[in-house]
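Each remark here refers to the structure printed beneath this line.
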Amino acid sequence: MRMDFVAALDLPHAVAGLLVGTLVGLTGVGGGSLMTPLLVLFFGVSPQTAVGTDLLFAAITKTVGSGIHQQRNTIDWGIVRWLAIGSLPATILTLIALATVGEIGENANHIIVVVLGAMLLVTSVGLVFQRKLLNFGVTHPLPAAESKRAPVATIVLGVVLGVLITITSVGAGAIGATVLVMLYRRTPIARIVGTDIAHAVPLALIAGVGHWFLGEVDFALLLNLLIGSIPGVIAGSLLSSRAPDKLLRLTLAGVLTVSGVRLLLQ
């Protein structure tokens with residue numbers, strides 16, 4: 001059994017998981033914006049397989065995070081429900097569209113690369129301005145009349161996230177959480193983060209299982225990523241209070257910008 005485990009261990013992928021897990025623990029940025037381009041650009045994994053594997057990776061890791069937030073009562077299940085009403089049907093329809101595109105013209109990989117590159121650029125901009133947006137949301141609460149329209153906007157956000165995350169595995173952390181803060185400005189940020197993580201679990205799971213049925217999940221790769229990422233997340237979380245947050249976010253924004261441009265130029 002031990003020999004089988006050693007044979008299955010792929011050190012470079014485990015190190016990649018460790019690196020991404022540590023950065024996620026340090027910054028709170030979702031692994032999709034880091035892991036998927038890393039797999040595509042540096043390990044030569046096909047975009048479809050990278051996205052499908054990363055989605056199941058996210059579902060597993062965020063299940064743990066969701067459990068912790070539930071214990072701390074930092075999940076608003078009402079917001080999760082509104083998001084899911086939009087995101088889960090959008091995810092299923094997007095999977096059907098990807099399967100159809102793949103069967104008709106073998107263009108699914110090209111679509112994923114283009115959308116992924118664009119999402120990385122959007123995410124990098126979000127990282128640069130996220131703190132200012134969060135502070136603005138906290139200090140400028142919405143009027144009551146506008147707050148009543150928040151559920152409809154939340155459903156629309158869910159649709160957008162369902163499509164984007166199913167195609168690229170990117171969008172929940174840097175984009176979804178920021179928009180939620182702007183919609184629910186009276187809700188504490190910790191509760192917004194927990195809500196966003198809780199919503200990401202069924203979304204990533206359904207999208208990941210869909211990619212699995214499409215033959216786009218590498219389970220050996222998934223295992224190696226988890227072997228590295230779990231201790232990485234723990235280490236990053238322990239070090240997060242000592243790390244220079246602004247410098248890390250600007251560095252990540254730069255990395256994501258370079259990755260996004262490289263993907264778009266492929």
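Scheme for the structure tokens: letters A, B, ... for chains in order shown; per-chain residue numbers from 1; ligand numbers from 1 in order shown.
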
Taking 4 positions as the minimum chain separation for residues in the same chain, which residues sit within 9 Å of Ile206 in chain A when counting only C-alpha atoms? Answer as a PDB file with N, CA and C atoms, in the first residue's frame.
```pdb
ATOM      1  N   LEU A  55     -12.185  22.304 -10.111  1.00  0.00           N
ATOM      2  CA  LEU A  55     -13.518  22.470  -9.524  1.00  0.00           C
ATOM      3  C   LEU A  55     -13.756  21.458  -8.397  1.00  0.00           C
ATOM      4  N   LEU A  56     -13.402  20.197  -8.615  1.00  0.00           N
ATOM      5  CA  LEU A  56     -13.540  19.208  -7.548  1.00  0.00           C
ATOM      6  C   LEU A  56     -12.569  19.505  -6.406  1.00  0.00           C
ATOM      7  N   ALA A  59     -14.275  22.157  -4.445  1.00  0.00           N
ATOM      8  CA  ALA A  59     -15.420  21.643  -3.702  1.00  0.00           C
ATOM      9  C   ALA A  59     -14.974  20.952  -2.419  1.00  0.00           C
ATOM     10  N   LEU A  88     -26.976  27.466  -9.906  1.00  0.00           N
ATOM     11  CA  LEU A  88     -27.037  26.028 -10.190  1.00  0.00           C
ATOM     12  C   LEU A  88     -27.677  25.726 -11.550  1.00  0.00           C
ATOM     13  N   THR A  91     -25.156  26.711 -14.145  1.00  0.00           N
ATOM     14  CA  THR A  91     -24.064  25.738 -14.227  1.00  0.00           C
ATOM     15  C   THR A  91     -24.445  24.561 -15.109  1.00  0.00           C
ATOM     16  N   ILE A  92     -25.639  24.024 -14.900  1.00  0.00           N
ATOM     17  CA  ILE A  92     -26.092  22.866 -15.677  1.00  0.00           C
ATOM     18  C   ILE A  92     -26.208  23.224 -17.158  1.00  0.00           C
ATOM     19  N   THR A 166     -18.098  27.600 -14.042  1.00  0.00           N
ATOM     20  CA  THR A 166     -18.179  26.340 -14.777  1.00  0.00           C
ATOM     21  C   THR A 166     -17.203  26.320 -15.946  1.00  0.00           C
ATOM     22  N   VAL A 201     -19.488  25.655  -2.554  1.00  0.00           N
ATOM     23  CA  VAL A 201     -19.398  24.194  -2.399  1.00  0.00           C
ATOM     24  C   VAL A 201     -20.326  23.463  -3.375  1.00  0.00           C
ATOM     25  N   PRO A 202     -21.657  23.696  -3.331  1.00  0.00           N
ATOM     26  CA  PRO A 202     -22.515  22.981  -4.294  1.00  0.00           C
ATOM     27  C   PRO A 202     -22.251  23.400  -5.731  1.00  0.00           C
ATOM     28  N   GLY A 210     -20.016  17.546 -13.387  1.00  0.00           N
ATOM     29  CA  GLY A 210     -20.354  17.680 -14.798  1.00  0.00           C
ATOM     30  C   GLY A 210     -19.138  17.515 -15.688  1.00  0.00           C
ATOM     31  N   HIS A 211     -18.030  18.152 -15.305  1.00  0.00           N
ATOM     32  CA  HIS A 211     -16.788  17.996 -16.071  1.00  0.00           C
ATOM     33  C   HIS A 211     -16.282  16.549 -15.996  1.00  0.00           C
TER      34      HIS A 211
END
```

Which residue out of A:Leu264, A:Ile79, A:Leu18, A:Leu164 has the minimum interatomic distance to Val114 in chain A when only C-alpha atoms are used?
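Nearest candidate to Val114 in chain A out of A:Leu264, A:Ile79, A:Leu18, A:Leu164: A:Leu264.
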
Please identify all polymer residues within 7 Å of Gly260 in chain A, counting only C-alpha atoms, omitting same-chain residues fewer than 3 positions from it, and present them as a ChimeraX atom specification.
/A:117-118,120-121,256-257,263-264

Produce a file of the selected residues containing N, CA and C atoms, as a PDB file, in the first residue's frame.
```
ATOM      1  N   GLY A 117      -8.532  33.617 -19.610  1.00  0.00           N
ATOM      2  CA  GLY A 117      -7.610  34.743 -19.690  1.00  0.00           C
ATOM      3  C   GLY A 117      -8.280  36.055 -19.318  1.00  0.00           C
ATOM      4  N   ALA A 118      -9.488  36.269 -19.834  1.00  0.00           N
ATOM      5  CA  ALA A 118     -10.223  37.498 -19.515  1.00  0.00           C
ATOM      6  C   ALA A 118     -10.567  37.560 -18.030  1.00  0.00           C
ATOM      7  N   LEU A 120      -8.951  36.194 -15.541  1.00  0.00           N
ATOM      8  CA  LEU A 120      -7.742  36.469 -14.763  1.00  0.00           C
ATOM      9  C   LEU A 120      -7.435  37.963 -14.757  1.00  0.00           C
ATOM     10  N   LEU A 121      -7.633  38.629 -15.888  1.00  0.00           N
ATOM     11  CA  LEU A 121      -7.400  40.074 -15.943  1.00  0.00           C
ATOM     12  C   LEU A 121      -8.404  40.819 -15.060  1.00  0.00           C
ATOM     13  N   LEU A 256      -1.384  37.255 -12.016  1.00  0.00           N
ATOM     14  CA  LEU A 256      -2.615  36.941 -12.739  1.00  0.00           C
ATOM     15  C   LEU A 256      -2.699  37.723 -14.043  1.00  0.00           C
ATOM     16  N   THR A 257      -2.204  38.964 -14.049  1.00  0.00           N
ATOM     17  CA  THR A 257      -2.200  39.753 -15.285  1.00  0.00           C
ATOM     18  C   THR A 257      -1.315  39.101 -16.343  1.00  0.00           C
ATOM     19  N   LEU A 263      -2.411  33.585 -21.719  1.00  0.00           N
ATOM     20  CA  LEU A 263      -3.490  32.725 -22.189  1.00  0.00           C
ATOM     21  C   LEU A 263      -4.197  33.324 -23.398  1.00  0.00           C
ATOM     22  N   LEU A 264      -4.446  34.622 -23.367  1.00  0.00           N
ATOM     23  CA  LEU A 264      -5.132  35.278 -24.481  1.00  0.00           C
ATOM     24  C   LEU A 264      -4.281  35.303 -25.740  1.00  0.00           C
TER      25      LEU A 264
END
```

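Nearest to Trp212 in chain A of all the residues A:Ser169, A:Thr195, A:Ser229, A:Gln48 is A:Gln48, based on only C-alpha atoms.
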
Mind the document's chain letters and residue numbers, and return as a ChimeraX atom specification the residues of range 19-57 of chain A that DSSP labels alpha helix (DSSP H).
/A:19-27,32-42,47-57

Let me see the file: selected residues, N, CA, C and O atoms, as a short mmCIF file (atom, residue, chain, number, x, y, z; two decimals), in the first residue's frame.
```
data_model
loop_
_atom_site.label_atom_id
_atom_site.label_comp_id
_atom_site.auth_asym_id
_atom_site.auth_seq_id
_atom_site.Cartn_x
_atom_site.Cartn_y
_atom_site.Cartn_z
N LEU A 19 2.06 25.38 -2.94
CA LEU A 19 2.23 26.81 -3.23
C LEU A 19 0.89 27.53 -3.28
O LEU A 19 0.69 28.57 -2.63
N VAL A 20 -0.06 26.95 -4.02
CA VAL A 20 -1.37 27.59 -4.16
C VAL A 20 -2.10 27.59 -2.81
O VAL A 20 -2.71 28.59 -2.42
N GLY A 21 -2.04 26.48 -2.09
CA GLY A 21 -2.69 26.41 -0.79
C GLY A 21 -2.15 27.46 0.17
O GLY A 21 -2.90 28.10 0.90
N THR A 22 -0.83 27.65 0.16
CA THR A 22 -0.21 28.65 1.03
C THR A 22 -0.68 30.06 0.66
O THR A 22 -1.02 30.87 1.54
N LEU A 23 -0.71 30.36 -0.64
CA LEU A 23 -1.15 31.68 -1.08
C LEU A 23 -2.62 31.93 -0.75
O LEU A 23 -3.00 33.03 -0.37
N VAL A 24 -3.44 30.88 -0.89
CA VAL A 24 -4.85 31.01 -0.54
C VAL A 24 -5.00 31.29 0.95
O VAL A 24 -5.79 32.13 1.39
N GLY A 25 -4.23 30.57 1.78
CA GLY A 25 -4.27 30.81 3.22
C GLY A 25 -3.80 32.19 3.59
O GLY A 25 -4.33 32.82 4.51
N LEU A 26 -2.80 32.72 2.86
CA LEU A 26 -2.26 34.04 3.15
C LEU A 26 -3.19 35.16 2.71
O LEU A 26 -3.33 36.17 3.41
N THR A 27 -3.83 35.00 1.55
CA THR A 27 -4.56 36.12 0.94
C THR A 27 -6.07 35.94 0.91
O THR A 27 -6.81 36.91 0.75
N GLY A 32 -8.85 28.80 -7.73
CA GLY A 32 -9.08 28.68 -9.16
C GLY A 32 -8.28 29.68 -9.98
O GLY A 32 -7.73 29.34 -11.03
N SER A 33 -8.20 30.91 -9.50
CA SER A 33 -7.48 31.94 -10.23
C SER A 33 -5.97 31.69 -10.24
O SER A 33 -5.24 32.26 -11.06
N LEU A 34 -5.50 30.83 -9.34
CA LEU A 34 -4.08 30.49 -9.28
C LEU A 34 -3.81 29.11 -9.87
O LEU A 34 -2.88 28.93 -10.66
N MET A 35 -4.62 28.12 -9.48
CA MET A 35 -4.33 26.74 -9.85
C MET A 35 -4.57 26.47 -11.34
O MET A 35 -3.74 25.85 -12.01
N THR A 36 -5.69 26.92 -11.87
CA THR A 36 -6.01 26.60 -13.26
C THR A 36 -4.97 27.13 -14.24
O THR A 36 -4.48 26.37 -15.08
N PRO A 37 -4.58 28.42 -14.18
CA PRO A 37 -3.54 28.87 -15.11
C PRO A 37 -2.20 28.18 -14.88
O PRO A 37 -1.44 27.97 -15.83
N LEU A 38 -1.90 27.84 -13.63
CA LEU A 38 -0.66 27.12 -13.33
C LEU A 38 -0.63 25.77 -14.03
O LEU A 38 0.37 25.39 -14.65
N LEU A 39 -1.75 25.05 -13.96
CA LEU A 39 -1.82 23.74 -14.61
C LEU A 39 -1.74 23.86 -16.13
O LEU A 39 -1.09 23.05 -16.79
N VAL A 40 -2.38 24.88 -16.67
CA VAL A 40 -2.41 25.04 -18.14
C VAL A 40 -1.07 25.52 -18.67
O VAL A 40 -0.52 24.96 -19.63
N LEU A 41 -0.51 26.56 -18.04
CA LEU A 41 0.68 27.21 -18.59
C LEU A 41 1.98 26.48 -18.27
O LEU A 41 2.90 26.46 -19.09
N PHE A 42 2.08 25.88 -17.07
CA PHE A 42 3.35 25.31 -16.64
C PHE A 42 3.38 23.79 -16.70
O PHE A 42 4.45 23.20 -16.83
N PRO A 47 -6.94 22.75 -20.93
CA PRO A 47 -7.80 23.67 -20.18
C PRO A 47 -9.03 22.99 -19.59
O PRO A 47 -9.41 23.26 -18.45
N GLN A 48 -9.68 22.09 -20.34
CA GLN A 48 -10.87 21.43 -19.83
C GLN A 48 -10.56 20.57 -18.62
O GLN A 48 -11.28 20.58 -17.62
N THR A 49 -9.46 19.80 -18.69
CA THR A 49 -9.07 18.95 -17.56
C THR A 49 -8.64 19.79 -16.37
O THR A 49 -8.95 19.46 -15.22
N ALA A 50 -7.92 20.89 -16.63
CA ALA A 50 -7.48 21.76 -15.54
C ALA A 50 -8.68 22.34 -14.79
O ALA A 50 -8.72 22.36 -13.56
N VAL A 51 -9.68 22.81 -15.54
CA VAL A 51 -10.87 23.40 -14.92
C VAL A 51 -11.66 22.34 -14.16
O VAL A 51 -12.05 22.54 -13.01
N GLY A 52 -11.91 21.18 -14.79
CA GLY A 52 -12.69 20.13 -14.14
C GLY A 52 -12.03 19.63 -12.87
O GLY A 52 -12.70 19.45 -11.83
N THR A 53 -10.71 19.41 -12.91
CA THR A 53 -9.99 18.94 -11.74
C THR A 53 -10.00 19.99 -10.64
O THR A 53 -10.20 19.69 -9.46
N ASP A 54 -9.79 21.25 -11.03
CA ASP A 54 -9.75 22.32 -10.04
C ASP A 54 -11.11 22.53 -9.38
O ASP A 54 -11.18 22.90 -8.21
N LEU A 55 -12.18 22.30 -10.11
CA LEU A 55 -13.52 22.47 -9.52
C LEU A 55 -13.76 21.46 -8.40
O LEU A 55 -14.26 21.81 -7.33
N LEU A 56 -13.40 20.20 -8.61
CA LEU A 56 -13.54 19.21 -7.55
C LEU A 56 -12.57 19.51 -6.41
O LEU A 56 -12.89 19.31 -5.23
N PHE A 57 -11.39 19.98 -6.75
CA PHE A 57 -10.41 20.42 -5.75
C PHE A 57 -11.02 21.51 -4.86
O PHE A 57 -10.93 21.47 -3.63
#
```

Taking only C-alpha atoms into account, which of A:Thr187, A:Thr251, A:Gly126, A:His199 comes nearest Gly86 in chain A?
A:His199

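For the pair CA of Leu226 in chain A and CA of Leu239 in chain A, the separation is 19.6 Å.
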
Residues within 10 Å of Pro151 in chain A, only C-alpha atoms, excluding chain neighbours under 3 positions, as a short mmCIF file (atom, residue, chain, number, x, y, z; two decimals) with C-alpha atoms, in the first residue's frame:
```cif
data_model
loop_
_atom_site.label_atom_id
_atom_site.label_comp_id
_atom_site.auth_asym_id
_atom_site.auth_seq_id
_atom_site.Cartn_x
_atom_site.Cartn_y
_atom_site.Cartn_z
CA GLY A 78 -30.71 33.25 2.79
CA ILE A 79 -28.08 34.83 0.52
CA ARG A 81 -30.24 30.36 -1.43
CA TRP A 82 -30.63 33.40 -3.71
CA LEU A 83 -27.21 32.79 -5.25
CA SER A 147 -31.80 46.84 -0.28
CA LYS A 148 -35.19 45.36 -1.22
CA THR A 154 -28.08 38.31 -6.07
CA ILE A 155 -29.83 35.85 -8.38
CA VAL A 156 -28.31 37.63 -11.39
CA LEU A 157 -24.89 37.45 -9.71
CA LEU A 183 -25.17 44.45 -2.27
CA TYR A 184 -25.33 43.65 1.46
#
```
